[in-house]
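With compact mmCIF, C-alpha atoms and all ligand atoms inside, this is protein19.txt:
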```txt
# COMPACT_ATOMS: atom_id res chain seq x y z
CA MET B 151 -10.21 114.83 -24.39
CA ARG B 152 -9.49 113.07 -27.67
CA ILE B 153 -6.72 114.64 -29.70
CA ALA B 154 -6.18 114.14 -33.42
CA VAL B 155 -2.57 114.91 -34.29
CA ILE B 156 -1.78 116.35 -37.71
CA LEU B 157 1.84 116.05 -38.81
CA PRO B 158 2.56 118.18 -41.90
CA ALA B 159 5.22 116.24 -43.82
CA ALA B 160 4.77 117.58 -47.35
CA GLY B 161 7.70 120.02 -47.40
CA SER B 162 10.59 119.84 -49.83
CA SER B 163 13.52 120.21 -47.36
CA ARG B 164 15.10 122.91 -49.51
CA ARG B 165 17.24 124.39 -46.78
CA PHE B 166 18.34 120.93 -45.68
CA GLY B 167 19.95 119.99 -48.96
CA GLN B 168 18.53 121.71 -52.01
CA GLY B 169 15.50 119.43 -51.75
CA LEU B 170 17.48 116.45 -53.06
CA ARG B 171 17.01 114.48 -49.89
CA SER B 172 14.14 114.72 -47.45
CA LYS B 173 15.14 115.67 -43.93
CA LEU B 174 12.29 113.46 -42.70
CA ASP B 175 14.31 110.43 -43.91
CA GLU B 176 17.37 111.45 -41.90
CA ASP B 177 18.65 108.60 -39.72
CA MET B 178 18.09 109.22 -35.98
CA GLY B 179 19.62 106.22 -34.22
CA GLY B 180 18.21 103.71 -36.71
CA LYS B 181 14.83 105.36 -37.24
CA PRO B 182 13.88 108.11 -39.67
CA VAL B 183 12.96 111.55 -38.30
CA LEU B 184 9.32 110.99 -39.27
CA GLN B 185 9.08 107.77 -37.25
CA ARG B 186 10.63 109.44 -34.17
CA THR B 187 8.03 112.21 -34.42
CA VAL B 188 5.09 109.82 -34.81
CA GLU B 189 6.32 107.68 -31.88
CA ALA B 190 6.39 110.68 -29.54
CA PHE B 191 2.60 110.95 -30.00
CA THR B 192 1.72 107.24 -29.93
CA LYS B 193 2.98 107.20 -26.32
CA HIS B 194 0.45 109.77 -25.11
CA ASP B 195 -2.92 108.49 -23.90
CA LYS B 196 -4.82 111.65 -24.89
CA VAL B 197 -3.90 111.13 -28.55
CA SER B 198 -6.67 109.29 -30.39
CA SER B 199 -5.39 109.48 -33.99
CA ILE B 200 -2.32 110.53 -35.95
CA ILE B 201 -2.58 111.90 -39.48
CA VAL B 202 0.60 112.29 -41.52
CA ALA B 203 0.18 114.65 -44.49
CA GLY B 204 2.65 113.68 -47.19
CA PRO B 205 3.45 115.11 -50.64
CA ALA B 206 0.69 116.51 -52.81
CA ASP B 207 1.43 114.90 -56.16
CA ASP B 208 0.59 111.25 -56.72
CA GLU B 209 4.06 110.12 -57.75
CA SER B 210 5.82 111.66 -54.74
CA LEU B 211 3.10 110.40 -52.41
CA ALA B 212 3.58 106.88 -53.78
CA GLU B 213 7.35 107.13 -53.14
CA PHE B 214 6.67 108.50 -49.66
CA ARG B 215 4.32 105.58 -49.01
CA LEU B 216 7.02 103.12 -50.12
CA ARG B 217 9.52 104.64 -47.72
CA HIS B 218 7.27 105.21 -44.71
CA GLY B 219 3.95 103.40 -45.27
CA ASP B 220 4.73 100.18 -43.39
CA ARG B 221 6.13 101.94 -40.33
CA LEU B 222 3.22 104.39 -40.22
CA ALA B 223 0.68 101.56 -40.48
CA LEU B 224 2.38 99.68 -37.63
CA LEU B 225 2.21 102.80 -35.49
CA GLY B 226 -1.49 103.26 -36.34
CA ALA B 227 -0.92 106.54 -38.21
CA SER B 228 -2.80 107.31 -41.42
CA LEU B 229 -1.23 108.92 -44.47
CA VAL B 230 -3.07 111.60 -46.45
CA LYS B 231 -2.16 114.09 -49.16
CA GLY B 232 -0.65 117.45 -48.20
CA GLY B 233 -0.54 120.73 -50.11
CA VAL B 234 1.70 121.71 -53.01
CA THR B 235 3.32 124.93 -51.90
CA HIS B 236 2.35 126.08 -48.45
CA ARG B 237 2.20 124.40 -45.09
CA TYR B 238 -1.28 125.85 -44.50
CA GLU B 239 -2.55 124.00 -47.59
CA THR B 240 -1.19 120.80 -46.10
CA VAL B 241 -2.91 121.41 -42.77
CA ARG B 242 -6.18 122.38 -44.45
CA ASN B 243 -6.20 119.10 -46.42
CA ALA B 244 -5.33 117.03 -43.36
CA LEU B 245 -8.02 118.70 -41.25
CA GLU B 246 -10.69 117.07 -43.38
CA HIS B 247 -9.48 113.72 -42.02
CA ALA B 248 -9.61 114.78 -38.35
CA LYS B 249 -12.66 112.97 -37.07
CA ASP B 250 -13.94 111.64 -33.77
CA CYS B 251 -11.86 114.08 -31.71
CA THR B 252 -12.40 117.05 -29.40
CA HIS B 253 -9.05 118.72 -30.18
CA VAL B 254 -6.46 118.92 -32.95
CA ALA B 255 -2.71 119.25 -32.37
CA VAL B 256 -0.64 120.34 -35.36
CA HIS B 257 3.06 119.48 -35.11
CA ASP B 258 5.90 119.82 -37.63
CA ALA B 259 6.99 116.36 -38.73
CA ALA B 260 10.49 117.85 -38.67
CA ARG B 261 10.49 118.18 -34.83
CA PRO B 262 11.32 114.66 -33.63
CA CYS B 263 12.64 115.70 -30.18
CA VAL B 264 9.27 116.72 -28.73
CA SER B 265 9.02 115.50 -25.11
CA GLN B 266 6.15 113.94 -23.14
CA GLU B 267 6.49 116.77 -20.57
CA LEU B 268 5.85 119.36 -23.26
CA LEU B 269 2.83 117.40 -24.54
CA ASP B 270 1.45 117.21 -20.98
CA ARG B 271 1.92 120.96 -20.50
CA LEU B 272 0.14 121.79 -23.75
CA PHE B 273 -2.65 119.25 -23.46
CA ASP B 274 -3.38 120.27 -19.84
CA ALA B 275 -3.67 123.93 -20.88
CA ALA B 276 -5.85 122.92 -23.84
CA GLU B 277 -8.41 121.46 -21.38
CA GLN B 278 -9.06 125.08 -20.33
CA HIS B 279 -8.22 127.15 -23.40
CA ASP B 280 -9.23 126.83 -27.05
CA ALA B 281 -5.82 127.61 -28.55
CA VAL B 282 -2.48 126.81 -26.90
CA ILE B 283 1.05 127.16 -28.31
CA PRO B 284 4.56 126.55 -26.90
CA VAL B 285 6.92 129.54 -26.86
CA LEU B 286 10.46 130.35 -25.73
CA PRO B 287 11.94 133.74 -24.85
CA VAL B 288 14.39 135.05 -27.45
CA PRO B 289 17.88 134.55 -25.96
CA ASP B 290 19.92 136.69 -28.37
CA THR B 291 19.98 140.37 -29.15
CA ILE B 292 17.74 141.10 -32.13
CA LYS B 293 18.64 143.57 -34.86
CA ARG B 294 16.94 144.69 -38.02
CA VAL B 295 19.43 144.34 -40.87
CA ARG B 296 19.15 145.39 -44.51
CA ASP B 297 20.83 144.40 -47.75
CA THR B 298 22.97 147.23 -49.16
CA GLY B 299 23.04 145.73 -52.64
CA GLU B 300 26.88 145.58 -52.36
CA ARG B 301 28.99 142.46 -51.83
CA LEU B 302 31.17 141.51 -48.86
CA GLY B 303 34.81 141.40 -50.00
CA LYS B 304 35.93 142.20 -53.50
CA ALA B 305 36.99 139.75 -56.14
CA ASP B 306 40.71 140.73 -56.50
CA ALA B 307 42.53 141.16 -59.78
CA ILE B 308 43.81 137.57 -59.86
CA ALA B 309 40.40 136.23 -58.98
CA SER B 310 38.77 138.24 -61.72
CA ILE B 311 41.37 136.93 -64.20
CA LEU B 312 40.44 133.43 -63.00
CA GLY B 313 36.82 134.35 -63.63
CA VAL B 314 35.51 134.65 -60.05
CA ASP B 315 32.08 136.13 -60.37
CA GLU B 316 31.38 138.97 -57.89
CA SER B 317 27.77 137.89 -57.63
CA GLN B 318 29.04 134.73 -55.92
CA LEU B 319 30.36 136.79 -52.98
CA PRO B 320 28.13 137.08 -49.88
CA PRO B 321 25.84 140.12 -49.68
CA LEU B 322 27.00 143.14 -47.67
CA ARG B 323 24.35 143.75 -45.02
CA GLU B 324 24.17 146.58 -42.50
CA VAL B 325 22.40 147.07 -39.21
CA VAL B 326 19.39 149.37 -39.25
CA GLU B 327 18.45 149.16 -35.57
CA THR B 328 18.40 147.05 -32.43
CA VAL B 329 14.94 145.70 -31.68
CA ASP B 330 13.70 145.59 -28.08
CA ARG B 331 13.28 141.88 -27.42
CA ALA B 332 11.07 142.30 -24.32
CA GLY B 333 7.82 140.52 -25.09
CA LEU B 334 9.24 138.67 -28.12
CA PHE B 335 9.05 134.88 -28.10
CA LEU B 336 10.03 132.09 -30.49
CA VAL B 337 7.14 129.84 -31.42
CA GLN B 338 7.24 126.05 -31.60
CA THR B 339 4.77 123.25 -32.29
CA PRO B 340 2.65 121.31 -31.35
CA GLN B 341 -0.07 123.94 -31.42
CA VAL B 342 -3.26 122.62 -29.87
CA PHE B 343 -6.80 123.76 -30.64
CA SER B 344 -10.36 122.79 -29.86
CA LEU B 345 -11.89 121.24 -32.97
CA ASP B 346 -14.32 124.17 -33.46
CA THR B 347 -11.53 126.70 -33.21
CA ILE B 348 -9.23 125.16 -35.78
CA ARG B 349 -12.14 124.48 -38.14
CA ALA B 350 -13.20 128.14 -37.92
CA ALA B 351 -9.59 129.25 -38.42
CA TYR B 352 -9.20 127.19 -41.60
CA ALA B 353 -12.63 128.18 -42.94
CA GLN B 354 -11.36 131.74 -43.49
CA ALA B 355 -10.78 133.00 -47.03
CA ASP B 356 -7.22 134.20 -46.39
CA LEU B 357 -5.06 131.38 -45.02
CA THR B 358 -1.69 133.06 -45.63
CA SER B 359 0.33 132.20 -42.52
CA THR B 360 3.44 130.46 -41.26
CA ASP B 361 1.80 128.86 -38.25
CA ASP B 362 -1.69 127.70 -37.36
CA ALA B 363 -2.17 129.98 -34.37
CA SER B 364 -1.91 133.10 -36.52
CA LEU B 365 -5.15 132.04 -38.24
CA VAL B 366 -6.84 131.87 -34.83
CA GLU B 367 -5.43 135.32 -34.02
CA ARG B 368 -6.95 136.53 -37.30
CA LEU B 369 -10.36 135.40 -36.01
CA GLY B 370 -9.79 137.68 -33.05
CA ARG B 371 -9.71 134.76 -30.61
CA ARG B 372 -7.29 134.32 -27.74
CA VAL B 373 -4.16 132.19 -28.15
CA VAL B 374 -2.53 131.10 -24.90
CA ALA B 375 1.27 130.73 -24.79
CA VAL B 376 2.86 128.12 -22.51
CA GLU B 377 6.52 127.38 -21.91
CA GLY B 378 8.12 125.55 -24.84
CA ASP B 379 11.16 123.28 -24.75
CA PRO B 380 14.58 124.33 -26.06
CA ARG B 381 15.24 120.74 -27.13
CA ASN B 382 12.17 120.72 -29.36
CA ILE B 383 14.11 122.02 -32.35
CA LYS B 384 12.91 121.96 -35.94
CA ILE B 385 15.30 120.24 -38.29
CA THR B 386 15.92 122.91 -40.91
CA TRP B 387 19.64 122.79 -41.81
CA PRO B 388 21.94 119.73 -41.78
CA SER B 389 23.55 120.92 -38.52
CA ASP B 390 20.14 120.58 -36.81
CA ALA B 391 20.16 116.83 -37.51
CA ASP B 392 23.57 116.57 -35.77
CA LEU B 393 22.26 118.61 -32.86
CA ALA B 394 19.13 116.44 -32.50
CA ARG B 395 21.24 113.25 -32.47
CA ALA B 396 23.65 114.71 -29.91
CA MET B 397 20.85 115.91 -27.58
CA MET B 398 18.83 112.71 -27.75
CA GLY B 399 21.73 110.21 -27.77
CA TRP B 400 20.64 108.90 -31.19
CA LYS B 401 23.60 107.51 -33.09
CA SER B 402 24.32 108.48 -36.68
CA PRO B 403 24.51 105.67 -39.27
CA GLU B 404 28.33 105.94 -39.25
CA GLY B 405 28.34 105.22 -35.52
CA ARG B 406 26.37 101.96 -35.77
CA ALA B 407 27.09 98.41 -36.85
CA SER B 408 26.29 98.01 -40.55
CA HIS B 409 23.45 95.54 -39.95
CA LYS B 410 21.68 98.20 -37.90
CA LYS B 411 21.66 100.79 -40.69
CA PHE B 412 18.60 101.27 -42.80
N1 LIG B 501 5.40 121.30 -44.73
C1 LIG B 501 4.26 120.75 -45.31
N2 LIG B 501 3.77 121.25 -46.49
C2 LIG B 501 4.41 122.25 -47.11
C3 LIG B 501 5.57 122.85 -46.52
C4 LIG B 501 6.04 122.34 -45.31
O1 LIG B 501 3.71 119.79 -44.77
N3 LIG B 501 3.92 122.68 -48.28
C5 LIG B 501 5.91 120.71 -43.46
C6 LIG B 501 7.34 120.17 -43.57
O2 LIG B 501 7.36 118.85 -44.11
C7 LIG B 501 7.82 120.24 -42.13
C8 LIG B 501 6.99 121.39 -41.53
O3 LIG B 501 5.94 121.67 -42.45
O4 LIG B 501 7.54 119.05 -41.40
C9 LIG B 501 7.84 122.62 -41.27
O5 LIG B 501 8.28 123.16 -42.51
P1 LIG B 501 9.80 123.43 -42.89
O6 LIG B 501 10.69 123.20 -41.75
O7 LIG B 501 9.85 124.74 -43.62
O8 LIG B 501 10.10 122.19 -43.92
P2 LIG B 501 10.32 122.26 -45.48
O9 LIG B 501 9.31 123.18 -46.09
O10 LIG B 501 10.37 120.84 -45.96
O11 LIG B 501 11.79 122.85 -45.59
P3 LIG B 501 12.30 124.09 -46.49
O12 LIG B 501 11.40 125.27 -46.11
O13 LIG B 501 13.74 124.26 -46.13
O14 LIG B 501 12.09 123.64 -47.92
MG MG B 502 9.32 125.32 -45.62
```

Show me this structure written as structure tokens.
Ligand code: CTP
Ligand code: MG
Amino acid sequence: MRIAVILPAAGSSRRFGQGLRSKLDEDMGGKPVLQRTVEAFTKHDKVSSIIVAGPADDESLAEFRLRHGDRLALLGASLVKGGVTHRYETVRNALEHAKDCTHVAVHDAARPCVSQELLDRLFDAAEQHDAVIPVLPVPDTIKRVRDTGERLGKADAIASILGVDESQLPPLREVVETVDRAGLFLVQTPQVFSLDTIRAAYAQADLTSTDDASLVERLGRRVVAVEGDPRNIKITWPSDADLARAMMGWKSPEGRASHKKF
């Protein structure tokens, strides 16, 4: 088994901070998120190559290379161009660089806490099955909620004199129904595929999807779900970066001596 790992890293981190700062640069105990993610895979002996797919436009890719190029080269990872808008465009571009492998694992660059135990579980299952993904049962009650078009709270008279705009108030949402969560699971990455399977999945005309496995499902092929890891969070909002540092014992830049900041 020779696994090529694709790390989509071409996103714009909008939810992390209006896209002004990439979450992949966030400091995790002296190393950026992207480096932590790459290192998790360099440790595994079934991994034969690591492909990081960075921004699509030349200028942003050049900046990305300045920030991460040296570290990636040291770790033996290659850097290729991702897609402009959608993650699936990024993966499709990166797939063209997956060579000399029997399998491809696609993992969000924004999940730096992925453990060796989870990789073992997925890679072992991938020896037997063509498509394997990590999942977790949904712990909370799930409800369908709709927007009423109204606002929560009313701008009072004084506020309206001061010019508080009602459209700035949060939306008023209401519950439509409670959804039965039996059989519902949250899906993580890495998602692991035999090379033929992922190539067939990405050769389809319609690639609209939010994860790679859904393209395999669209082919009508079986996707096997193994136990994920609650620590394997995706850094989406700023609070996720704090959570990742707390779970992994990675200090924040404020908590370190100044010569150890980057
Ligand atoms: N990604 C990508 N190409 C895109 C969009 C996303 O490679 N066109 C990557 C991100 O860099 C990230 C992973 O896919 O590693 C998961 O995406 P997400 O968490 O949504 O990251 P962003 O798209 O950067 O964040 P946001 O949606 O908040 O802008
Ligand atoms: Mg996104």

| query | CA of Arg186 in chain B to CA of Leu157 in chain B: how many Å, to one decimal? | reply | 11.9 Å

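The coordinates place CA of Val197 in chain B at 11.1 Å from CA of Ala227 in chain B.
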
Counting all atoms listed in the file, name the residues that have an atom within 7 Å of an atom of ligand LIG 501 (chain B); the answer should be given as a JSON list (two decimals) with C-alpha atoms, in the coordinates of the input.
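Everything below was put into pocket-v6.json:
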```json
[["chain", "number", "residue", "atom", "x", "y", "z"],
["B", 157, "LEU", "CA", 1.84, 116.05, -38.81],
["B", 158, "PRO", "CA", 2.56, 118.18, -41.90],
["B", 159, "ALA", "CA", 5.22, 116.24, -43.82],
["B", 160, "ALA", "CA", 4.77, 117.58, -47.35],
["B", 161, "GLY", "CA", 7.70, 120.02, -47.40],
["B", 162, "SER", "CA", 10.59, 119.84, -49.83],
["B", 163, "SER", "CA", 13.52, 120.21, -47.36],
["B", 164, "ARG", "CA", 15.10, 122.91, -49.51],
["B", 165, "ARG", "CA", 17.24, 124.39, -46.78],
["B", 166, "PHE", "CA", 18.34, 120.93, -45.68],
["B", 169, "GLY", "CA", 15.50, 119.43, -51.75],
["B", 203, "ALA", "CA", 0.18, 114.65, -44.49],
["B", 204, "GLY", "CA", 2.65, 113.68, -47.19],
["B", 232, "GLY", "CA", -0.65, 117.45, -48.20],
["B", 233, "GLY", "CA", -0.54, 120.73, -50.11],
["B", 234, "VAL", "CA", 1.70, 121.71, -53.01],
["B", 235, "THR", "CA", 3.32, 124.93, -51.90],
["B", 236, "HIS", "CA", 2.35, 126.08, -48.45],
["B", 237, "ARG", "CA", 2.20, 124.40, -45.09],
["B", 239, "GLU", "CA", -2.55, 124.00, -47.59],
["B", 240, "THR", "CA", -1.19, 120.80, -46.10],
["B", 258, "ASP", "CA", 5.90, 119.82, -37.63],
["B", 259, "ALA", "CA", 6.99, 116.36, -38.73],
["B", 260, "ALA", "CA", 10.49, 117.85, -38.67],
["B", 384, "LYS", "CA", 12.91, 121.96, -35.94],
["B", 385, "ILE", "CA", 15.30, 120.24, -38.29],
["B", 386, "THR", "CA", 15.92, 122.91, -40.91]]
```

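By only C-alpha atoms, and with residues fewer than 6 positions from Ala396 in chain B along its chain excluded, the set lying at most 10 Å from it is Met178, Asp390 and Ser402 of chain B.
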
| message | So, with all atoms listed in the file as the atoms that count, which of B:Ala255, B:Leu224, B:Gln185, B:Ala244 lies closest to Ala206 in chain B? | response | B:Ala244

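A straight line drawn from CA of Gln341 in chain B to CA of Asp361 in chain B is 8.6 Å long.
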
| query | Got a sec: who's within 12 Å of range 283-288 of chain B, counting all atoms listed in the file, leaving out chain neighbours fewer than 5 positions off, as a PyMOL selection string? | reply | chain B and resi 255-257+264+267-276+329-343+361-364+366-367+372-383

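Considering only C-alpha atoms and all ligand atoms, the residue among B:Asn243, B:Thr347, B:Ser172, B:Gln354 positioned nearest to ligand MG 502 (chain B) is B:Ser172.
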
| request: For each of B:Ile348, B:Leu357, B:Leu369, B:Ala190, take the minimum atom-to-atom distance to Arg261 in chain B, counting only C-alpha atoms, then give the residue where this is smallest. | output: B:Ala190

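Closest to ligand MG 502 (chain B) among B:Tyr352, B:Tyr238, B:Asp195, B:Thr328 is B:Tyr238, based on only C-alpha atoms and all ligand atoms.
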
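Considering all atoms listed in the file, the residue among B:Gly405, B:Asp356, B:Val188, B:Ser344 positioned nearest to Glu277 in chain B is B:Ser344.
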
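Nearest to ligand MG 502 (chain B) of all the residues B:Thr360, B:Ala351, B:Ser317, B:Leu365 is B:Thr360, based on only C-alpha atoms and all ligand atoms.
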
| message | Env of Thr192 in chain B: 10 Å cut, atoms = only C-alpha atoms, seq-sep filter 6 positions within chain, self excluded. Answer as a ChimeraX atom specification. | response | /B:155,198-200,225-227

| said: For Pro321 in chain B, find every residue with an atom within 10 Å (counting only C-alpha atoms), except residues of its own chain fewer than 2 positions away, and show them as a PyMOL selection string. | reply: chain B and resi 296-303+316-319+323-324
